[in-house]
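*Asks:* mmCIF, C-alpha atoms and all ligand atoms, saved as my_file_36.cif, coming up:
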```
data_target
#
loop_
_atom_site.label_atom_id
_atom_site.label_comp_id
_atom_site.auth_asym_id
_atom_site.auth_seq_id
_atom_site.Cartn_x
_atom_site.Cartn_y
_atom_site.Cartn_z
CA MET B 1 -158.39 48.11 -32.92
CA ARG B 2 -159.92 51.01 -30.99
CA ARG B 3 -157.61 53.25 -28.99
CA GLN B 4 -157.78 52.71 -25.25
CA ILE B 5 -158.78 55.60 -23.00
CA VAL B 6 -158.22 55.94 -19.27
CA ALA B 7 -159.98 58.93 -17.74
CA GLY B 8 -159.67 60.14 -14.16
CA ASN B 9 -162.75 61.84 -12.71
CA TRP B 10 -161.50 63.67 -9.63
CA LYS B 11 -165.03 64.71 -8.60
CA MET B 12 -164.97 67.38 -5.84
CA ASN B 13 -161.48 66.56 -4.57
CA GLY B 14 -158.12 68.27 -4.57
CA THR B 15 -156.10 71.29 -3.53
CA ARG B 16 -153.37 73.06 -5.47
CA ALA B 17 -150.84 71.13 -3.42
CA SER B 18 -152.44 67.71 -3.99
CA VAL B 19 -152.99 68.41 -7.70
CA THR B 20 -149.33 69.39 -8.09
CA SER B 21 -148.06 66.20 -6.51
CA LEU B 22 -150.60 63.95 -8.27
CA LEU B 23 -149.69 65.38 -11.68
CA ALA B 24 -145.97 65.19 -10.98
CA GLY B 25 -146.42 61.48 -10.32
CA LEU B 26 -148.59 60.94 -13.37
CA THR B 27 -146.49 62.85 -15.88
CA ALA B 28 -143.40 60.94 -14.80
CA GLY B 29 -145.21 57.65 -15.30
CA VAL B 30 -147.19 58.22 -18.50
CA SER B 31 -144.17 59.12 -20.63
CA SER B 32 -143.57 55.42 -21.31
CA LEU B 33 -147.21 54.81 -22.33
CA THR B 34 -148.21 54.54 -25.97
CA GLY B 35 -151.57 53.68 -27.42
CA VAL B 36 -153.54 54.95 -24.41
CA ASP B 37 -155.18 58.36 -24.13
CA VAL B 38 -154.92 59.52 -20.53
CA ILE B 39 -157.31 62.27 -19.47
CA VAL B 40 -157.93 63.99 -16.13
CA PHE B 41 -161.12 65.75 -15.10
CA PRO B 42 -160.40 68.25 -12.31
CA PRO B 43 -163.02 70.46 -10.66
CA TYR B 44 -163.64 73.54 -12.83
CA ILE B 45 -161.63 75.87 -10.65
CA TYR B 46 -158.44 73.83 -11.09
CA ILE B 47 -158.67 73.47 -14.88
CA GLU B 48 -156.37 76.38 -15.70
CA PHE B 49 -153.87 75.18 -13.11
CA VAL B 50 -153.95 71.65 -14.56
CA ALA B 51 -153.67 73.01 -18.12
CA LYS B 52 -150.45 74.80 -17.22
CA LEU B 53 -148.98 71.70 -15.61
CA LEU B 54 -149.96 69.40 -18.49
CA GLU B 55 -149.51 71.56 -21.58
CA GLN B 56 -146.14 70.03 -22.52
CA THR B 57 -147.25 66.46 -21.83
CA GLN B 58 -149.17 63.78 -23.71
CA MET B 59 -152.04 63.92 -21.21
CA SER B 60 -155.34 65.70 -21.89
CA TRP B 61 -157.80 67.35 -19.53
CA GLY B 62 -161.47 68.10 -19.48
CA ALA B 63 -164.40 69.13 -17.30
CA GLN B 64 -166.81 67.07 -15.23
CA ASN B 65 -169.85 69.00 -16.45
CA LEU B 66 -170.96 71.91 -18.64
CA SER B 67 -173.97 74.14 -19.11
CA PRO B 68 -176.61 73.18 -21.67
CA GLU B 69 -176.71 76.89 -22.61
CA SER B 70 -174.12 78.74 -24.65
CA SER B 71 -173.92 82.02 -22.64
CA GLY B 72 -175.99 84.54 -20.71
CA ALA B 73 -177.76 84.93 -17.38
CA PHE B 74 -177.09 81.49 -15.88
CA THR B 75 -175.42 82.24 -12.56
CA GLY B 76 -172.87 79.66 -11.52
CA GLU B 77 -172.77 77.87 -14.87
CA ILE B 78 -169.78 77.19 -17.12
CA SER B 79 -170.17 77.04 -20.89
CA ALA B 80 -168.57 74.77 -23.47
CA GLU B 81 -166.82 77.80 -25.02
CA MET B 82 -165.18 78.58 -21.68
CA LEU B 83 -163.91 75.02 -21.42
CA LEU B 84 -162.43 75.27 -24.91
CA ASP B 85 -160.83 78.57 -23.94
CA PHE B 86 -158.80 76.59 -21.38
CA ALA B 87 -157.92 73.90 -23.91
CA CYS B 88 -160.25 71.24 -22.54
CA LYS B 89 -160.64 68.47 -25.07
CA TYR B 90 -163.25 66.35 -23.31
CA VAL B 91 -166.25 66.84 -21.05
CA ILE B 92 -168.15 64.29 -18.95
CA VAL B 93 -171.89 64.41 -19.60
CA GLY B 94 -174.64 62.74 -17.59
CA HIS B 95 -172.55 61.28 -14.78
CA SER B 96 -174.85 59.36 -12.44
CA GLU B 97 -174.09 61.80 -9.60
CA ARG B 98 -175.32 64.66 -11.82
CA ARG B 99 -178.40 62.63 -12.70
CA SER B 100 -179.28 61.54 -9.15
CA LEU B 101 -178.07 64.50 -7.03
CA PHE B 102 -178.69 67.39 -9.42
CA GLY B 103 -181.80 66.23 -11.24
CA GLU B 104 -180.31 65.85 -14.71
CA THR B 105 -182.82 64.09 -16.95
CA ASN B 106 -182.06 62.37 -20.25
CA GLU B 107 -183.33 65.56 -21.95
CA ILE B 108 -180.92 67.83 -20.06
CA VAL B 109 -178.08 65.40 -20.69
CA ALA B 110 -178.90 65.44 -24.41
CA LYS B 111 -178.81 69.27 -24.46
CA LYS B 112 -175.39 69.23 -22.79
CA PHE B 113 -174.15 66.60 -25.22
CA ILE B 114 -175.27 68.71 -28.19
CA GLN B 115 -173.68 71.83 -26.69
CA ALA B 116 -170.37 69.98 -26.32
CA LYS B 117 -170.44 68.74 -29.90
CA LEU B 118 -171.40 72.16 -31.29
CA THR B 119 -168.21 73.66 -29.88
CA GLY B 120 -165.91 70.75 -30.71
CA LEU B 121 -165.52 69.21 -27.26
CA VAL B 122 -165.59 65.41 -27.07
CA PRO B 123 -168.39 64.37 -24.70
CA ILE B 124 -168.04 61.25 -22.57
CA LEU B 125 -171.67 60.20 -22.09
CA CYS B 126 -172.26 58.17 -18.92
CA LEU B 127 -174.90 55.43 -18.88
CA GLY B 128 -175.82 53.06 -16.09
CA GLU B 129 -178.53 51.41 -14.05
CA THR B 130 -179.20 51.54 -10.30
CA LEU B 131 -179.09 48.46 -8.11
CA VAL B 132 -182.90 48.28 -7.98
CA GLU B 133 -183.09 48.51 -11.77
CA ARG B 134 -180.57 45.67 -12.10
CA GLN B 135 -182.47 43.55 -9.59
CA GLN B 136 -185.62 44.14 -11.61
CA ASN B 137 -183.79 42.97 -14.77
CA ARG B 138 -184.18 46.42 -16.28
CA THR B 139 -180.49 47.13 -16.99
CA GLN B 140 -180.72 46.90 -20.78
CA GLU B 141 -183.93 48.92 -20.89
CA VAL B 142 -182.51 51.77 -18.74
CA VAL B 143 -179.18 51.95 -20.54
CA SER B 144 -180.84 51.73 -23.92
CA ARG B 145 -183.17 54.63 -23.05
CA GLN B 146 -180.25 56.76 -21.83
CA LEU B 147 -178.36 56.10 -25.08
CA GLY B 148 -181.55 56.55 -27.09
CA ALA B 149 -181.82 60.14 -25.79
CA ILE B 150 -178.90 60.91 -28.14
CA LEU B 151 -179.13 58.17 -30.76
CA GLU B 152 -182.77 58.87 -31.55
CA LEU B 153 -182.23 62.57 -32.22
CA PRO B 154 -182.54 63.38 -35.94
CA ASN B 155 -178.74 63.70 -36.21
CA GLY B 156 -178.08 61.19 -33.40
CA ILE B 157 -175.56 59.02 -35.22
CA GLU B 158 -173.53 62.06 -36.36
CA LEU B 159 -173.51 63.26 -32.75
CA LEU B 160 -172.14 59.91 -31.58
CA GLN B 161 -169.38 59.90 -34.16
CA ASN B 162 -166.08 60.82 -32.47
CA SER B 163 -167.76 60.80 -29.05
CA VAL B 164 -167.11 58.45 -26.12
CA LEU B 165 -169.52 56.40 -23.99
CA ALA B 166 -168.98 55.18 -20.45
CA TYR B 167 -171.01 52.38 -18.89
CA GLU B 168 -171.04 52.96 -15.16
CA PRO B 169 -173.43 50.80 -13.13
CA VAL B 170 -174.56 53.14 -10.34
CA TRP B 171 -174.29 50.35 -7.74
CA ALA B 172 -170.59 50.00 -8.56
CA ILE B 173 -169.61 53.68 -8.27
CA GLY B 174 -167.60 54.41 -5.15
CA THR B 175 -168.92 51.28 -3.45
CA GLY B 176 -166.02 48.89 -3.95
CA LEU B 177 -168.42 46.62 -5.87
CA THR B 178 -167.37 46.13 -9.47
CA ALA B 179 -169.36 44.56 -12.27
CA SER B 180 -167.68 41.29 -13.21
CA PRO B 181 -165.94 41.41 -16.59
CA ALA B 182 -168.73 39.23 -18.01
CA GLN B 183 -171.49 41.45 -16.58
CA ALA B 184 -169.84 44.58 -17.96
CA GLN B 185 -169.12 43.00 -21.36
CA GLU B 186 -172.77 41.97 -21.70
CA VAL B 187 -173.92 45.57 -21.33
CA HIS B 188 -171.10 46.99 -23.47
CA LEU B 189 -172.02 44.58 -26.25
CA ALA B 190 -175.69 45.61 -26.05
CA ILE B 191 -174.71 49.29 -26.18
CA ARG B 192 -172.51 48.71 -29.24
CA GLN B 193 -175.28 46.67 -30.88
CA GLN B 194 -177.77 49.50 -30.40
CA VAL B 195 -175.37 51.84 -32.22
CA ARG B 196 -174.56 49.18 -34.84
CA ASP B 197 -178.25 48.92 -35.69
CA VAL B 198 -177.92 52.50 -36.97
CA SER B 199 -174.32 52.55 -38.22
CA VAL B 200 -171.81 49.70 -38.35
CA ALA B 201 -168.99 52.18 -38.96
CA VAL B 202 -169.74 54.38 -35.93
CA ALA B 203 -170.27 51.32 -33.70
CA GLY B 204 -166.92 49.93 -34.76
CA THR B 205 -164.93 52.99 -33.76
CA LEU B 206 -166.92 54.18 -30.72
CA PRO B 207 -164.91 53.86 -27.49
CA ILE B 208 -167.02 52.47 -24.62
CA LEU B 209 -165.34 52.85 -21.22
CA TYR B 210 -166.25 50.96 -18.06
CA GLY B 211 -166.52 52.81 -14.75
CA GLY B 212 -167.35 51.77 -11.20
CA SER B 213 -164.70 50.86 -8.60
CA VAL B 214 -161.99 50.17 -11.18
CA LYS B 215 -158.66 49.59 -9.41
CA ALA B 216 -155.22 48.39 -10.41
CA ALA B 217 -156.24 44.93 -9.18
CA ASN B 218 -159.27 44.51 -11.47
CA ALA B 219 -158.50 46.79 -14.46
CA ALA B 220 -156.71 44.25 -16.66
CA GLU B 221 -159.52 41.67 -16.60
CA LEU B 222 -162.14 44.32 -17.37
CA PHE B 223 -160.10 45.91 -20.18
CA ALA B 224 -159.48 42.48 -21.72
CA MET B 225 -163.17 42.25 -22.68
CA PRO B 226 -163.71 42.83 -26.41
CA ASP B 227 -166.16 45.72 -26.06
CA ILE B 228 -164.46 47.52 -23.15
CA ASP B 229 -162.09 50.18 -24.44
CA GLY B 230 -160.69 51.57 -21.19
CA GLY B 231 -162.05 53.06 -18.00
CA LEU B 232 -163.55 56.07 -16.28
CA ILE B 233 -161.91 56.04 -12.88
CA GLY B 234 -163.06 57.90 -9.76
CA GLY B 235 -161.43 57.17 -6.41
CA ALA B 236 -158.39 55.37 -7.82
CA SER B 237 -157.57 58.33 -10.09
CA LEU B 238 -156.56 60.37 -7.04
CA HIS B 239 -153.55 58.13 -6.39
CA ALA B 240 -150.74 58.44 -8.94
CA GLN B 241 -149.36 54.94 -8.61
CA GLU B 242 -152.76 53.24 -8.67
CA PHE B 243 -153.94 55.30 -11.66
CA LEU B 244 -150.71 54.63 -13.56
CA GLU B 245 -151.12 50.90 -13.03
CA ILE B 246 -154.63 51.17 -14.49
CA CYS B 247 -153.21 53.08 -17.49
CA HIS B 248 -150.64 50.34 -18.01
CA ALA B 249 -153.36 47.68 -17.83
CA ALA B 250 -155.09 49.50 -20.70
CA LYS B 251 -151.85 49.67 -22.66
CA GLN B 252 -151.58 45.91 -22.62
CA GLN B 253 -154.94 45.70 -24.41
CA GLY B 254 -154.24 48.49 -26.92
CA ASN B 255 -152.23 48.43 -30.16
P1 LIG R 301 -165.27 55.14 -8.71
O1 LIG R 301 -166.06 56.25 -9.56
O2 LIG R 301 -164.12 54.66 -9.56
O3 LIG R 301 -164.83 55.84 -7.47
O4 LIG R 301 -166.25 54.04 -8.44
C1 LIG R 301 -166.24 56.11 -10.96
C2 LIG R 301 -166.97 57.31 -11.49
O5 LIG R 301 -167.86 57.83 -10.82
O6 LIG R 301 -166.69 57.76 -12.62
#
```
Re-express the file's structure as structure tokens.
*Replies:*
Amino acid sequence: MRRQIVAGNWKMNGTRASVTSLLAGLTAGVSSLTGVDVIVFPPYIYIEFVAKLLEQTQMSWGAQNLSPESSGAFTGEISAEMLLDFACKYVIVGHSERRSLFGETNEIVAKKFIQAKLTGLVPILCLGETLVERQQNRTQEVVSRQLGAILELPNGIELLQNSVLAYEPVWAIGTGLTASPAQAQEVHLAIRQQVRDVSVAVAGTLPILYGGSVKAANAAELFAMPDIDGGLIGGASLHAQEFLEICHAAKQQGN
């Protein structure tokens, strides 16, 4: 049985006051959780603040992005080493907002993924099709190409070992529309199969999260699918009670 992961992507939201109250609510509620890895992804500038509030807890934290470069004259960028320096364990790579709003191609995403792995961060690689691509029946092709950008590298399967994937249909992110459990499972299964074609062992242990309008009300049915190993949560991760209910829905599937 793969461990369940519930990750909260705060995007560009929060203040010191709201982060303090959100984490107070979460830390009180996660202490009874076992078998679920709970991770939060604050904006860069709050990472140190979050690290201090979470260092004695079972929760982990990470960053929403990183530079593909290791150091140097890259104004405004944050390196993987810097994230490690603040005890980040995970980093989100290739979120659809980075791809669509900031021009991140599969090649840039692959460079970031490699940079994360080189330093020992665990990348959460986001994959997902747009509404038009789904309507054109191109979901599998798009997702397979996004995964292929890593898997087809010479050391692709080693890179995927101990990494995390997240299937996030772009049309479901922040829209209130969620893929049905069957729709999500179909894509998760295809993703796992693509990895299995290279390594049965890596495919068997690779966590694949679902993201896109996950809420307390729909989490359990999504997480019950055999190839869904938890969730990457946006909007609902900003509300302690809602996020905790999602974590508990994952717990029921784990162990
Ligand atoms: P959402 O975002 O839960 O608000 O749809 C998910 C994500 O972007 O990771």
*Asks:* State, in Å with one decimal place, the distance from CA of Phe243 (chain B) to atom O3 of ligand LIG 301 (chain R).
*Replies:*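 Answer for the CA of Phe243 (chain B) to atom O3 of ligand LIG 301 (chain R) separation: 11.7 Å.
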*Asks:* Smallest atom-to-atom distance to ligand LIG 301 (chain R): which of B:Ser144, B:Ser100, B:Ser70, B:Ser237, using only C-alpha atoms and all ligand atoms?
*Replies:* B:Ser237
*Asks:* For Glu97 (chain B), which residue among B:Arg196, B:Lys11, B:Arg138, B:Lys215 is the nearest when counting all atoms listed in the file?
*Replies:*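 Checking each of B:Arg196, B:Lys11, B:Arg138, B:Lys215 against Glu97 (chain B), counting all atoms listed in the file, the winner is B:Lys11.
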*Asks:* May I have the residues within 12 Å of Glu242 (chain B) as an MDAnalysis selection string, using only C-alpha atoms and disregarding those fewer than 4 positions away in the same chain?
*Replies:* chainID B and resid 8 22 25:26 29 214:219 233:238 246:249
*Asks:* With a distance cut-off of 12 Å and all atoms listed in the file, select the neighbouring residues of Thr139 (chain B), excluding the residue or stretch itself and same-chain residues fewer than 3 positions from it, and output the selection as a list of chain:residue names.
*Replies:*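 Using all atoms listed in the file, the neighbours found are B:Leu127, B:Gly128, B:Glu129, B:Thr130, B:Leu131, B:Val132, B:Glu133, B:Arg134, B:Gln135, B:Gln136, B:Val142, B:Val143, B:Ser144, B:Arg145, B:Gln146, B:Tyr167, B:Glu168, B:Pro169, B:Val170, B:Trp171, B:Gln183, B:Ala184, B:Glu186, B:Val187, B:His188, B:Ala190, B:Ile191.
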*Asks:* Quick one: of B:Gln58, B:Leu159, B:Ser18, B:Gln252, who's nearest to Val30 (chain B), counting all atoms listed in the file?
*Replies:* B:Gln58
*Asks:* Find the residue from B:Pro154, B:Ser163, B:Ala7, B:Leu232 that sits nearest to ligand LIG 301 (chain R); use all atoms listed in the file when measuring.
*Replies:*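 Among B:Pro154, B:Ser163, B:Ala7, B:Leu232, it is B:Leu232 that comes nearest to ligand LIG 301 (chain R).
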*Asks:* Check the smallest atom-to-atom distance from each of B:Asn137, B:Thr178, B:Gly62, B:Ser71 to Leu121 (chain B) using all atoms listed in the file, then report the winner.
*Replies:* B:Gly62
*Asks:* Near Val19 (chain B), counting all atoms listed in the file, which residues have an atom at most 10 Å away, once you skip same-chain residues fewer than 5 positions from it, shown as a list in words?
*Replies:*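 The neighbour list is Trp10, Asn13, Gly14, Ala24, Gly25, Pro42, Tyr46, Phe49, Val50, Leu53 and Leu238 of chain B.
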*Asks:* Of the residues B:Leu54, B:Val93, B:Met225, B:Leu189, which is the one nearest to ligand LIG 301 (chain R), using all atoms listed in the file?
*Replies:*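 That would be B:Val93, the residue with the smallest distance to ligand LIG 301 (chain R).
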*Asks:* By how many Å are CA of Ser79 (chain B) and CA of Arg192 (chain B) apart?
*Replies:*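 Separating CA of Ser79 (chain B) from CA of Arg192 (chain B) is a distance of 29.6 Å.
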*Asks:* What gap, in Å, lies between atom O5 of ligand LIG 301 (chain R) and CA of Ser32 (chain B)?
*Replies:* 26.6 Å
*Asks:* With a distance cut-off of 12 Å and only C-alpha atoms, select the neighbouring residues of Gln4 (chain B), excluding the residue or stretch itself and same-chain residues fewer than 4 positions from it, and output the selection as JSON, numbers by chain.
*Replies:* {"B": [33, 34, 35, 36, 37, 38, 39, 164, 205, 206, 207, 208, 209, 210, 223, 224, 226, 227, 228, 229, 230, 231, 232, 246, 247, 248, 249, 250, 251, 252, 253, 254, 255]}
*Asks:* Skipping near chain neighbours, those fewer than 4 positions away, what residues fall within 8 Å of Gly176 (chain B) using only C-alpha atoms, listed as an mmCIF file with C-alpha atoms, keeping the file's coordinate frame?
*Replies:*
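The file below, selection_9.cif, is the result:
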```
data_model
loop_
_atom_site.group_PDB
_atom_site.id
_atom_site.type_symbol
_atom_site.label_atom_id
_atom_site.label_comp_id
_atom_site.auth_asym_id
_atom_site.auth_seq_id
_atom_site.Cartn_x
_atom_site.Cartn_y
_atom_site.Cartn_z
ATOM 1 C CA ALA B 172 -170.590 50.000 -8.560
ATOM 2 C CA GLY B 212 -167.350 51.770 -11.200
ATOM 3 C CA SER B 213 -164.700 50.860 -8.600
#
```
